[in-house]
$ cat input01.txt   # compact mmCIF, C-alpha atoms
# COMPACT_ATOMS: atom_id res chain seq x y z
CA MET A 1 0.00 0.00 0.00
CA GLY A 2 1.56 3.25 -1.12
CA MET A 3 0.89 6.49 0.66
CA PHE A 4 -0.59 8.02 -2.50
CA ASP A 5 -3.07 5.22 -3.10
CA PHE A 6 -5.90 7.53 -2.21
CA LEU A 7 -5.17 9.46 -5.39
CA LEU A 8 -6.01 6.45 -7.53
CA ALA A 9 -9.67 6.08 -8.40
CA LYS A 10 -11.38 3.29 -6.51
CA LYS A 11 -12.55 0.45 -8.68
CA GLN A 12 -16.06 1.12 -9.92
CA THR A 13 -17.61 -2.18 -8.85
CA ALA A 14 -21.20 -0.95 -9.21
CA SER A 15 -20.92 -0.85 -13.00
CA VAL A 16 -19.58 -4.42 -12.98
CA ALA A 17 -22.56 -5.46 -10.86
CA LYS A 18 -24.96 -3.73 -13.23
CA ASP A 19 -23.53 -5.41 -16.32
CA ARG A 20 -23.59 -8.86 -14.70
CA LEU A 21 -27.17 -8.38 -13.51
CA ARG A 22 -28.34 -7.15 -16.91
CA ILE A 23 -27.03 -10.32 -18.55
CA ILE A 24 -28.30 -12.81 -15.98
CA VAL A 25 -31.74 -11.18 -15.72
CA ALA A 26 -32.14 -11.21 -19.52
CA HIS A 27 -31.07 -14.85 -19.58
CA GLU A 28 -33.54 -15.81 -16.85
CA HIS A 29 -36.37 -13.93 -18.57
CA ALA A 30 -35.81 -15.95 -21.72
CA GLY A 31 -36.68 -19.12 -19.83
CA ARG A 32 -39.56 -17.55 -17.90
CA GLY A 33 -43.24 -17.98 -18.61
CA GLY A 34 -42.93 -21.41 -20.17
CA PRO A 35 -44.07 -24.53 -18.33
CA ASP A 36 -41.65 -26.05 -15.82
CA TYR A 37 -41.02 -29.14 -17.96
CA LEU A 38 -39.54 -27.16 -20.86
CA PRO A 39 -35.85 -27.23 -19.83
CA MET A 40 -36.04 -30.96 -19.01
CA LEU A 41 -37.77 -31.69 -22.33
CA GLN A 42 -35.04 -29.77 -24.12
CA ARG A 43 -32.30 -31.78 -22.37
CA GLU A 44 -33.89 -35.14 -23.09
CA LEU A 45 -34.58 -34.27 -26.71
CA LEU A 46 -30.96 -33.28 -27.10
CA GLU A 47 -29.83 -36.64 -25.72
CA VAL A 48 -32.06 -38.56 -28.14
CA ILE A 49 -30.95 -36.52 -31.15
CA ARG A 50 -27.33 -36.97 -30.16
CA LYS A 51 -27.72 -40.74 -30.49
CA TYR A 52 -28.09 -40.21 -34.22
CA VAL A 53 -26.57 -36.86 -35.10
CA ASN A 54 -23.66 -35.03 -33.58
CA VAL A 55 -25.27 -31.74 -32.59
CA ASP A 56 -24.32 -29.29 -29.87
CA ALA A 57 -26.55 -27.99 -27.09
CA GLU A 58 -27.33 -24.68 -28.81
CA SER A 59 -28.76 -26.33 -31.93
CA VAL A 60 -31.88 -27.67 -30.22
CA LYS A 61 -34.48 -25.05 -29.35
CA VAL A 62 -37.75 -25.79 -27.61
CA ASP A 63 -40.32 -22.99 -27.30
CA LEU A 64 -43.95 -22.68 -26.45
CA ILE A 65 -45.49 -20.17 -28.83
CA GLY A 66 -48.93 -18.73 -29.42
CA ASP A 67 -51.13 -16.91 -26.92
CA GLY A 68 -54.56 -17.52 -25.53
CA GLU A 69 -55.95 -21.04 -25.71
CA ASN A 70 -53.89 -22.43 -28.58
CA LYS A 71 -50.29 -23.16 -27.78
CA VAL A 72 -47.81 -24.72 -30.17
CA LEU A 73 -44.72 -26.55 -29.01
CA ASP A 74 -42.06 -25.41 -31.42
CA ILE A 75 -39.00 -27.63 -31.64
CA SER A 76 -36.25 -26.66 -34.01
CA VAL A 77 -33.05 -28.61 -34.53
CA ALA A 78 -30.25 -27.15 -36.58
CA LEU A 79 -28.33 -30.02 -38.14
CA PRO A 80 -24.64 -29.58 -38.78
CA ASP A 81 -23.40 -29.65 -42.41
CA ARG A 82 -22.75 -33.03 -44.00
CA SER A 83 -19.07 -33.44 -43.17
CA ALA A 84 -19.61 -32.81 -39.46
CA ALA A 85 -22.80 -34.86 -39.34
CA GLN A 86 -21.04 -38.23 -39.20
CA THR A 87 -22.11 -40.01 -36.05
CA THR A 88 -19.35 -40.56 -33.57
CA MET B 1 -63.07 -3.40 -0.14
CA ALA B 2 -59.86 -4.16 1.66
CA GLU B 3 -56.66 -3.58 -0.26
CA ILE B 4 -54.21 -6.45 0.20
CA ILE B 5 -50.53 -5.45 0.07
CA VAL B 6 -47.78 -8.08 0.16
CA VAL B 7 -44.29 -7.10 1.29
CA THR B 8 -41.92 -9.55 -0.33
CA SER B 9 -38.35 -9.92 -1.65
CA GLY B 10 -37.20 -13.47 -2.21
CA LYS B 11 -33.95 -12.86 -0.39
CA GLY B 12 -33.88 -12.85 3.40
CA GLY B 13 -32.61 -10.06 5.60
CA VAL B 14 -33.35 -7.19 3.24
CA GLY B 15 -35.95 -5.54 5.49
CA LYS B 16 -39.34 -7.10 4.75
CA THR B 17 -40.52 -7.16 8.35
CA THR B 18 -39.14 -3.68 9.10
CA THR B 19 -40.96 -2.45 5.99
CA SER B 20 -44.22 -4.27 6.79
CA ALA B 21 -44.27 -2.79 10.29
CA SER B 22 -43.53 0.72 9.05
CA ILE B 23 -46.00 0.65 6.17
CA ALA B 24 -48.73 -0.71 8.46
CA CYS B 25 -48.03 2.04 11.03
CA GLY B 26 -47.85 4.70 8.34
CA LEU B 27 -51.24 3.68 6.94
CA ALA B 28 -52.77 3.49 10.43
CA ARG B 29 -51.35 6.90 11.35
CA ARG B 30 -53.27 8.31 8.38
CA GLY B 31 -56.48 6.96 9.88
CA HIS B 32 -56.92 3.76 7.89
CA LYS B 33 -57.97 0.52 9.57
CA VAL B 34 -55.01 -1.80 9.09
CA ALA B 35 -54.15 -5.43 9.81
CA VAL B 36 -50.59 -6.67 9.40
CA ILE B 37 -50.10 -10.43 9.12
CA ASP B 38 -46.89 -12.43 9.64
CA PHE B 39 -46.76 -15.28 7.10
CA ASP B 40 -43.42 -16.61 8.36
CA VAL B 41 -44.75 -19.68 10.18
CA GLY B 42 -42.09 -21.16 12.43
CA LEU B 43 -39.92 -18.03 12.37
CA ARG B 44 -42.19 -15.26 13.55
CA ASN B 45 -40.62 -11.86 14.07
CA LEU B 46 -43.18 -9.24 13.17
CA ASP B 47 -44.46 -9.35 16.78
CA LEU B 48 -40.98 -8.36 18.02
CA VAL B 49 -40.57 -5.53 15.52
CA MET B 50 -44.06 -4.25 16.39
CA GLY B 51 -43.32 -4.61 20.11
CA CYS B 52 -46.25 -6.88 20.94
CA GLU B 53 -44.43 -10.20 21.41
CA ARG B 54 -45.65 -10.67 24.98
CA ARG B 55 -49.28 -10.24 24.01
CA VAL B 56 -49.49 -13.07 21.47
CA VAL B 57 -52.07 -15.58 22.69
CA TYR B 58 -53.47 -17.03 19.47
CA ASP B 59 -51.86 -16.85 16.06
CA PHE B 60 -52.59 -17.06 12.32
CA VAL B 61 -52.50 -20.88 12.26
CA ASN B 62 -54.94 -21.07 15.19
CA VAL B 63 -57.40 -18.95 13.18
CA VAL B 64 -56.91 -21.00 10.00
CA ASN B 65 -57.51 -24.22 11.98
CA GLY B 66 -60.57 -22.80 13.73
CA GLU B 67 -58.93 -23.10 17.17
CA ALA B 68 -59.46 -19.40 17.85
CA SER B 69 -61.58 -16.63 16.37
CA LEU B 70 -60.08 -13.80 14.38
CA ARG B 71 -61.19 -11.36 17.09
CA GLN B 72 -59.32 -13.35 19.77
CA SER B 73 -56.17 -13.53 17.66
CA LEU B 74 -55.81 -9.96 16.44
CA ILE B 75 -53.48 -7.99 18.71
CA LYS B 76 -54.47 -4.35 19.00
CA ASP B 77 -51.50 -2.01 18.69
CA LYS B 78 -50.69 0.10 21.76
CA ARG B 79 -50.04 3.21 19.67
CA PHE B 80 -52.92 3.10 17.16
CA ASP B 81 -56.40 1.75 17.93
CA ASN B 82 -56.99 1.10 14.23
CA LEU B 83 -53.89 -1.11 13.80
CA HIS B 84 -53.93 -4.85 14.47
CA VAL B 85 -51.26 -7.54 14.29
CA LEU B 86 -51.83 -11.20 13.47
CA ALA B 87 -48.76 -13.15 14.57
CA ALA B 88 -47.39 -16.23 12.84
CA SER B 89 -47.29 -19.51 14.69
CA GLN B 90 -43.91 -20.21 16.21
CA THR B 91 -44.37 -23.94 16.79
CA ARG B 92 -46.20 -25.31 13.77
CA ASP B 93 -44.36 -26.44 10.67
CA LYS B 94 -44.44 -24.17 7.65
CA ASP B 95 -47.07 -26.20 5.80
CA ALA B 96 -49.70 -25.38 8.42
CA LEU B 97 -51.29 -22.70 6.22
CA THR B 98 -53.64 -23.54 3.36
CA THR B 99 -54.87 -21.43 0.45
CA GLU B 100 -58.50 -21.81 1.58
CA GLY B 101 -57.60 -20.98 5.17
CA VAL B 102 -55.72 -17.83 4.18
CA GLN B 103 -58.54 -16.77 1.87
CA LYS B 104 -61.08 -17.14 4.67
CA VAL B 105 -59.00 -14.98 7.05
CA LEU B 106 -58.52 -12.26 4.41
CA GLU B 107 -62.24 -12.26 3.55
CA ASP B 108 -63.21 -12.08 7.23
CA LEU B 109 -60.84 -9.13 7.74
CA ALA B 110 -62.37 -7.36 4.74
CA ALA B 111 -65.87 -8.03 6.09
CA ASP B 112 -64.74 -6.62 9.43
CA GLY B 113 -64.07 -3.27 7.76
CA PHE B 114 -60.31 -3.33 7.39
CA ASP B 115 -59.07 -0.92 4.71
CA TYR B 116 -55.60 -2.40 4.30
CA ILE B 117 -54.17 -5.85 4.95
CA VAL B 118 -50.37 -5.93 4.91
CA CYS B 119 -48.92 -9.41 4.37
CA ASP B 120 -45.35 -9.82 5.64
CA SER B 121 -43.89 -12.57 3.44
CA PRO B 122 -41.23 -15.03 4.56
CA ALA B 123 -38.01 -15.18 2.54
CA GLY B 124 -37.72 -17.73 -0.24
CA ILE B 125 -40.24 -18.82 -2.84
CA GLU B 126 -41.87 -21.70 -0.96
CA LYS B 127 -45.41 -22.11 0.28
CA GLY B 128 -45.38 -19.29 2.87
CA ALA B 129 -44.11 -16.76 0.33
CA TYR B 130 -46.55 -18.06 -2.27
CA LEU B 131 -49.53 -17.75 0.09
CA ALA B 132 -48.47 -14.26 1.20
CA MET B 133 -48.55 -13.02 -2.40
CA TYR B 134 -51.38 -15.11 -3.83
CA PHE B 135 -54.30 -12.83 -2.90
CA ALA B 136 -52.40 -9.53 -3.17
CA ASP B 137 -53.69 -6.47 -5.01
CA GLN B 138 -50.38 -4.66 -4.63
CA ALA B 139 -46.84 -5.79 -3.95
CA VAL B 140 -43.97 -3.94 -2.34
CA VAL B 141 -40.78 -5.68 -3.43
CA VAL B 142 -38.03 -4.84 -0.95
CA VAL B 143 -34.61 -4.78 -2.55
CA ASN B 144 -31.07 -3.94 -1.40
CA PRO B 145 -28.74 -2.37 -3.97
CA GLU B 146 -26.73 -5.56 -4.17
CA VAL B 147 -26.51 -8.32 -6.82
CA SER B 148 -28.18 -11.26 -5.07
CA SER B 149 -31.07 -9.16 -3.78
CA VAL B 150 -31.72 -7.62 -7.21
CA ARG B 151 -31.69 -11.00 -8.93
CA ASP B 152 -34.06 -12.51 -6.34
CA SER B 153 -36.39 -9.54 -6.71
CA ASP B 154 -36.54 -10.16 -10.43
CA ARG B 155 -37.54 -13.75 -9.71
CA ILE B 156 -40.24 -12.58 -7.29
CA LEU B 157 -41.58 -10.14 -9.91
CA GLY B 158 -41.87 -13.09 -12.28
CA LEU B 159 -43.89 -15.03 -9.70
CA LEU B 160 -46.14 -12.02 -8.98
CA ALA B 161 -46.94 -11.93 -12.70
CA SER B 162 -47.73 -15.66 -12.93
CA LYS B 163 -48.54 -17.33 -9.60
CA THR B 164 -51.06 -14.96 -8.05
CA ARG B 165 -54.85 -14.91 -8.13
CA ARG B 166 -54.77 -11.71 -10.14
CA ALA B 167 -52.40 -13.28 -12.67
CA GLU B 168 -54.67 -16.31 -12.99
CA ARG B 169 -57.56 -13.97 -13.75
CA GLY B 170 -55.53 -12.18 -16.41
CA GLU B 171 -55.04 -9.11 -14.21
CA ARG B 172 -51.86 -7.67 -12.73
CA VAL B 173 -50.69 -7.20 -9.19
CA LYS B 174 -49.62 -3.56 -8.89
CA GLU B 175 -45.89 -3.80 -8.21
CA HIS B 176 -43.65 -1.31 -6.41
CA LEU B 177 -39.95 -1.36 -5.65
CA LEU B 178 -38.67 -0.25 -2.28
CA LEU B 179 -34.92 0.17 -1.94
CA THR B 180 -33.53 -0.27 1.55
CA ARG B 181 -30.05 0.11 3.08
CA TYR B 182 -29.19 2.70 0.47
CA ALA B 183 -25.84 4.46 0.96
CA PRO B 184 -25.67 7.57 -1.28
CA LYS B 185 -21.99 8.02 -0.50
CA ARG B 186 -21.10 4.57 -1.80
CA VAL B 187 -23.29 5.14 -4.85
CA GLU B 188 -21.41 8.37 -5.56
CA THR B 189 -18.04 6.59 -5.41
CA GLY B 190 -19.28 3.89 -7.77
CA GLU B 191 -19.31 1.11 -5.19
CA MET B 192 -23.06 0.62 -4.99
CA LEU B 193 -25.84 0.25 -7.56
CA SER B 194 -27.87 3.46 -7.83
CA VAL B 195 -31.66 3.80 -7.70
CA GLY B 196 -31.59 4.29 -11.47
CA ASP B 197 -29.50 1.15 -12.00
CA VAL B 198 -31.90 -1.02 -9.99
CA GLU B 199 -34.95 0.52 -11.68
CA GLU B 200 -33.41 -0.11 -15.09
CA ILE B 201 -32.50 -3.75 -14.39
CA LEU B 202 -35.89 -4.60 -12.88
CA GLY B 203 -37.92 -2.40 -15.21
CA LEU B 204 -39.89 -0.88 -12.36
CA LYS B 205 -40.08 2.48 -10.56
CA THR B 206 -39.21 2.80 -6.89
CA ILE B 207 -41.86 3.86 -4.43
CA GLY B 208 -39.29 4.67 -1.80
CA VAL B 209 -35.60 4.70 -0.99
CA ILE B 210 -34.70 4.07 2.64
CA PRO B 211 -31.19 5.21 3.53
CA GLU B 212 -28.88 2.92 5.49
CA SER B 213 -29.41 4.04 9.06
CA GLY B 214 -28.54 2.98 12.57
CA ASP B 215 -32.04 4.09 13.57
CA VAL B 216 -33.50 0.93 12.01
CA LEU B 217 -31.64 -1.31 14.47
CA ASN B 218 -32.34 1.01 17.40
CA ALA B 219 -36.04 0.98 16.56
CA SER B 220 -36.26 -2.80 16.31
CA ASN B 221 -34.32 -3.14 19.58
CA LYS B 222 -37.13 -1.18 21.23
CA GLY B 223 -40.01 -2.82 19.39
CA GLU B 224 -40.96 0.48 17.79
CA PRO B 225 -41.52 0.52 14.00
CA VAL B 226 -38.84 2.87 12.63
CA ILE B 227 -41.41 5.09 10.86
CA LEU B 228 -42.42 6.37 14.31
CA GLU B 229 -38.91 7.75 15.01
CA THR B 230 -39.99 10.93 13.28
CA GLU B 231 -36.61 12.68 13.47
CA SER B 232 -34.89 9.87 11.58
CA ASP B 233 -34.14 9.98 7.83
CA ALA B 234 -35.31 6.36 7.54
CA ALA B 235 -38.65 7.27 9.18
CA GLN B 236 -39.21 10.18 6.83
CA ALA B 237 -38.28 8.05 3.83
CA TYR B 238 -40.80 5.39 4.93
CA ASP B 239 -43.46 8.06 5.42
CA ASP B 240 -42.81 9.31 1.87
CA ALA B 241 -43.15 5.74 0.59
CA VAL B 242 -46.51 5.31 2.35
CA ALA B 243 -47.71 8.63 0.89
CA ARG B 244 -46.71 7.47 -2.61
CA LEU B 245 -48.42 4.12 -2.03
CA LEU B 246 -51.60 6.14 -1.42
CA GLY B 247 -51.11 8.05 -4.66
CA ASP B 248 -49.22 11.18 -3.56
CA THR B 249 -46.30 12.42 -5.59
CA ARG B 250 -43.32 13.40 -3.49
CA PRO B 251 -39.75 14.13 -4.52
CA MET B 252 -37.26 11.42 -3.55
CA ARG B 253 -35.17 12.41 -0.53
CA PHE B 254 -31.98 11.04 1.05
CA THR B 255 -30.65 9.68 -2.25
CA THR B 256 -27.77 12.10 -2.63
CA VAL B 257 -24.82 12.88 -0.40
CA GLU B 258 -25.56 15.73 1.93
CA LYS B 259 -23.10 18.52 1.31
CA LYS B 260 -21.58 19.44 4.62
CA GLY B 261 -20.89 23.08 5.38
CA PHE B 262 -17.50 24.33 6.52
CA PHE B 263 -18.43 24.52 10.18
CA SER B 264 -20.09 21.13 10.39
CA LYS B 265 -16.99 19.65 8.72
CA LEU B 266 -14.80 21.47 11.22
CA PHE B 267 -16.73 20.33 14.27
CA GLY B 268 -17.84 17.01 12.89
CA VAL B 269 -21.53 17.52 13.51

$ encode --input "input01.txt" --output "structure tokens"
Amino acid sequence: MGMFDFLLAKKQTASVAKDRLRIIVAHEHAGRGGPDYLPMLQRELLEVIRKYVNVDAESVKVDLIGDGENKVLDISVALPDRSAAQTT
Amino acid sequence: MAEIIVVTSGKGGVGKTTTSASIACGLARRGHKVAVIDFDVGLRNLDLVMGCERRVVYDFVNVVNGEASLRQSLIKDKRFDNLHVLAASQTRDKDALTTEGVQKVLEDLAADGFDYIVCDSPAGIEKGAYLAMYFADQAVVVVNPEVSSVRDSDRILGLLASKTRRAERGERVKEHLLLTRYAPKRVETGEMLSVGDVEEILGLKTIGVIPESGDVLNASNKGEPVILETESDAAQAYDDAVARLLGDTRPMRFTTVEKKGFFSKLFGV
């Protein structure tokens, strides 16, 4: 600790906190509102698809869309291009 | 019609009970008939903060189970005739409350002419917290300017918008933010989230900002809701919050560092 430390600006930790919170809150909102089984369904679907195709976690998306009475379960799987699609 | 206000937060220790006690007193001081209910079954504390812990004979669970009448269980406040406390049970397990039981108590209070029912929620998002918010018309979400409290408040706001009776009916619970333990000095030096930061992250306006103050501890030591310590900044901030809850517009106070004059700096007063 130098005697002139007080001249240095203190680290602005509040802005770090704000940025971290912005990201985590946005992330948690994305998963909000859907039924509780959605994340589990997404995980299990991913496991099944992986038995046949080598896909990563981001390529399977499960969403509940539509408002009011009619809801549609929207599952989209982005398959990798042919060369990478060889099963392991 | 009684207005049901839940005081909630998700995170523990942010000042829910302090806030419940002060809001209830503030409403009663303005002449409204108020009941304040402790939903923290097994860990009751509202009675201590209100200073009526030695007068608890029957509690919320006794009423729900029909072991005592509402009239027998409501504790009349020593300071305001129109303020009543319903204590939580200290011995029962936390599943002792039921949705139907809570509904009956709230309806009976409304029929008894209460204007406001303040529900002091337990921490967490389990049954007690769920029941405290389920019938609410308005919610005061107590938040500290600190990461875990802000995140938990966001979670609670999500539950208020989905797991309440109003949400099930396609209506909204009117939500308010109340910042507690706010230290303007630390905000100014960039060490603490500001009111604006918290409002921006949670997408909600604050109804009050309570400055960090030793008076809060002193008040709870004595069993006197801090809003009654009229000289205190915290008390005045709570009174402003109550006024805004009732629809007044008041400028926000105690959110900036007080500029000290030369003499007060010199003499440290």

$ axis_aligned_box --input "input01.txt" --around "stretch 42-45 of chain A" --padding-each-side "8 Å" --output "AutoDock Vina command-line options"
--center_x -33.7 --center_y -32.5 --center_z -24.5 --size_x 18.7 --size_y 21.4 --size_z 20.3

$ atom_distance --input "input01.txt" --atom1 "atom CA of B:Asp120" --atom2 "atom CA of B:Asp137"
13.9 Å

$ interface_residues --input "input01.txt" --of "chain A" --to "chain B" --cutoff "7 Å" --atoms "all atoms listed in the file" --output "ChimeraX atom specification"
/A:12-14,17-18,21-22,25

$ atom_distance --input "input01.txt" --atom1 "atom CA of B:Gly31" --atom2 "atom CA of B:Asn82"
7.3 Å

$ residues_around --input "input01.txt" --residues "B:Glu212" --least-positions-apart "5" --cutoff "7 Å" --atoms "all atoms listed in the file" --output "VMD selection string"
chain B and resid 180 to 183

$ atom_distance --input "input01.txt" --atom1 "atom CA of A:Ser15" --atom2 "atom CA of B:Gly196"
11.9 Å

$ build_atoms --input "input01.txt" --residues "stretch 204-214 of chain B" --atoms "all heavy atoms" --output "PDB file, in the coordinates of the input"
ATOM      1  N   LEU B 204     -38.817  -1.311 -13.258  1.00  0.00           N
ATOM      2  CA  LEU B 204     -39.890  -0.880 -12.360  1.00  0.00           C
ATOM      3  C   LEU B 204     -39.439   0.379 -11.612  1.00  0.00           C
ATOM      4  O   LEU B 204     -38.260   0.544 -11.328  1.00  0.00           O
ATOM      5  CB  LEU B 204     -40.125  -2.016 -11.349  1.00  0.00           C
ATOM      6  CG  LEU B 204     -41.483  -2.150 -10.691  1.00  0.00           C
ATOM      7  CD1 LEU B 204     -42.583  -2.280 -11.727  1.00  0.00           C
ATOM      8  CD2 LEU B 204     -41.498  -3.376  -9.788  1.00  0.00           C
ATOM      9  N   LYS B 205     -40.401   1.259 -11.302  1.00  0.00           N
ATOM     10  CA  LYS B 205     -40.080   2.480 -10.560  1.00  0.00           C
ATOM     11  C   LYS B 205     -40.063   2.210  -9.064  1.00  0.00           C
ATOM     12  O   LYS B 205     -40.809   1.368  -8.577  1.00  0.00           O
ATOM     13  CB  LYS B 205     -41.121   3.555 -10.872  1.00  0.00           C
ATOM     14  CG  LYS B 205     -40.913   4.200 -12.235  1.00  0.00           C
ATOM     15  CD  LYS B 205     -39.834   5.258 -12.141  1.00  0.00           C
ATOM     16  CE  LYS B 205     -39.360   5.711 -13.510  1.00  0.00           C
ATOM     17  NZ  LYS B 205     -38.037   6.343 -13.455  1.00  0.00           N
ATOM     18  N   THR B 206     -39.232   2.954  -8.345  1.00  0.00           N
ATOM     19  CA  THR B 206     -39.210   2.800  -6.890  1.00  0.00           C
ATOM     20  C   THR B 206     -40.277   3.661  -6.248  1.00  0.00           C
ATOM     21  O   THR B 206     -40.560   4.766  -6.695  1.00  0.00           O
ATOM     22  CB  THR B 206     -37.853   3.226  -6.289  1.00  0.00           C
ATOM     23  OG1 THR B 206     -37.458   4.433  -6.915  1.00  0.00           O
ATOM     24  CG2 THR B 206     -36.800   2.178  -6.481  1.00  0.00           C
ATOM     25  N   ILE B 207     -40.856   3.107  -5.174  1.00  0.00           N
ATOM     26  CA  ILE B 207     -41.860   3.860  -4.430  1.00  0.00           C
ATOM     27  C   ILE B 207     -41.224   4.517  -3.220  1.00  0.00           C
ATOM     28  O   ILE B 207     -41.796   5.400  -2.589  1.00  0.00           O
ATOM     29  CB  ILE B 207     -43.031   2.943  -4.020  1.00  0.00           C
ATOM     30  CG1 ILE B 207     -44.225   3.774  -3.621  1.00  0.00           C
ATOM     31  CG2 ILE B 207     -42.629   1.973  -2.919  1.00  0.00           C
ATOM     32  CD1 ILE B 207     -45.483   3.000  -3.532  1.00  0.00           C
ATOM     33  N   GLY B 208     -39.996   4.081  -2.922  1.00  0.00           N
ATOM     34  CA  GLY B 208     -39.290   4.670  -1.800  1.00  0.00           C
ATOM     35  C   GLY B 208     -37.854   4.201  -1.733  1.00  0.00           C
ATOM     36  O   GLY B 208     -37.542   3.111  -2.199  1.00  0.00           O
ATOM     37  N   VAL B 209     -36.998   5.060  -1.196  1.00  0.00           N
ATOM     38  CA  VAL B 209     -35.600   4.700  -0.990  1.00  0.00           C
ATOM     39  C   VAL B 209     -35.274   4.979   0.479  1.00  0.00           C
ATOM     40  O   VAL B 209     -35.355   6.114   0.933  1.00  0.00           O
ATOM     41  CB  VAL B 209     -34.663   5.524  -1.899  1.00  0.00           C
ATOM     42  CG1 VAL B 209     -33.208   5.172  -1.632  1.00  0.00           C
ATOM     43  CG2 VAL B 209     -35.005   5.295  -3.369  1.00  0.00           C
ATOM     44  N   ILE B 210     -34.975   3.917   1.213  1.00  0.00           N
ATOM     45  CA  ILE B 210     -34.700   4.070   2.640  1.00  0.00           C
ATOM     46  C   ILE B 210     -33.188   4.072   2.834  1.00  0.00           C
ATOM     47  O   ILE B 210     -32.518   3.094   2.488  1.00  0.00           O
ATOM     48  CB  ILE B 210     -35.319   2.905   3.458  1.00  0.00           C
ATOM     49  CG1 ILE B 210     -36.758   2.608   3.024  1.00  0.00           C
ATOM     50  CG2 ILE B 210     -35.215   3.193   4.962  1.00  0.00           C
ATOM     51  CD1 ILE B 210     -37.737   3.741   3.155  1.00  0.00           C
ATOM     52  N   PRO B 211     -32.643   5.166   3.369  1.00  0.00           N
ATOM     53  CA  PRO B 211     -31.190   5.210   3.530  1.00  0.00           C
ATOM     54  C   PRO B 211     -30.721   4.244   4.622  1.00  0.00           C
ATOM     55  O   PRO B 211     -31.455   3.981   5.576  1.00  0.00           O
ATOM     56  CB  PRO B 211     -30.930   6.660   3.940  1.00  0.00           C
ATOM     57  CG  PRO B 211     -32.201   7.123   4.558  1.00  0.00           C
ATOM     58  CD  PRO B 211     -33.306   6.386   3.869  1.00  0.00           C
ATOM     59  N   GLU B 212     -29.517   3.728   4.446  1.00  0.00           N
ATOM     60  CA  GLU B 212     -28.880   2.920   5.490  1.00  0.00           C
ATOM     61  C   GLU B 212     -28.844   3.764   6.752  1.00  0.00           C
ATOM     62  O   GLU B 212     -28.409   4.911   6.720  1.00  0.00           O
ATOM     63  CB  GLU B 212     -27.465   2.570   5.026  1.00  0.00           C
ATOM     64  CG  GLU B 212     -26.588   1.950   6.083  1.00  0.00           C
ATOM     65  CD  GLU B 212     -26.808   0.455   6.198  1.00  0.00           C
ATOM     66  OE1 GLU B 212     -26.383  -0.282   5.315  1.00  0.00           O
ATOM     67  OE2 GLU B 212     -27.429   0.036   7.200  1.00  0.00           O
ATOM     68  N   SER B 213     -29.324   3.224   7.859  1.00  0.00           N
ATOM     69  CA  SER B 213     -29.410   4.040   9.060  1.00  0.00           C
ATOM     70  C   SER B 213     -29.361   3.193  10.313  1.00  0.00           C
ATOM     71  O   SER B 213     -30.006   2.144  10.393  1.00  0.00           O
ATOM     72  CB  SER B 213     -30.727   4.838   9.027  1.00  0.00           C
ATOM     73  OG  SER B 213     -31.058   5.316  10.310  1.00  0.00           O
ATOM     74  N   GLY B 214     -28.623   3.656  11.278  1.00  0.00           N
ATOM     75  CA  GLY B 214     -28.540   2.980  12.570  1.00  0.00           C
ATOM     76  C   GLY B 214     -29.876   3.021  13.305  1.00  0.00           C
ATOM     77  O   GLY B 214     -30.129   2.212  14.203  1.00  0.00           O
TER      78      GLY B 214
END
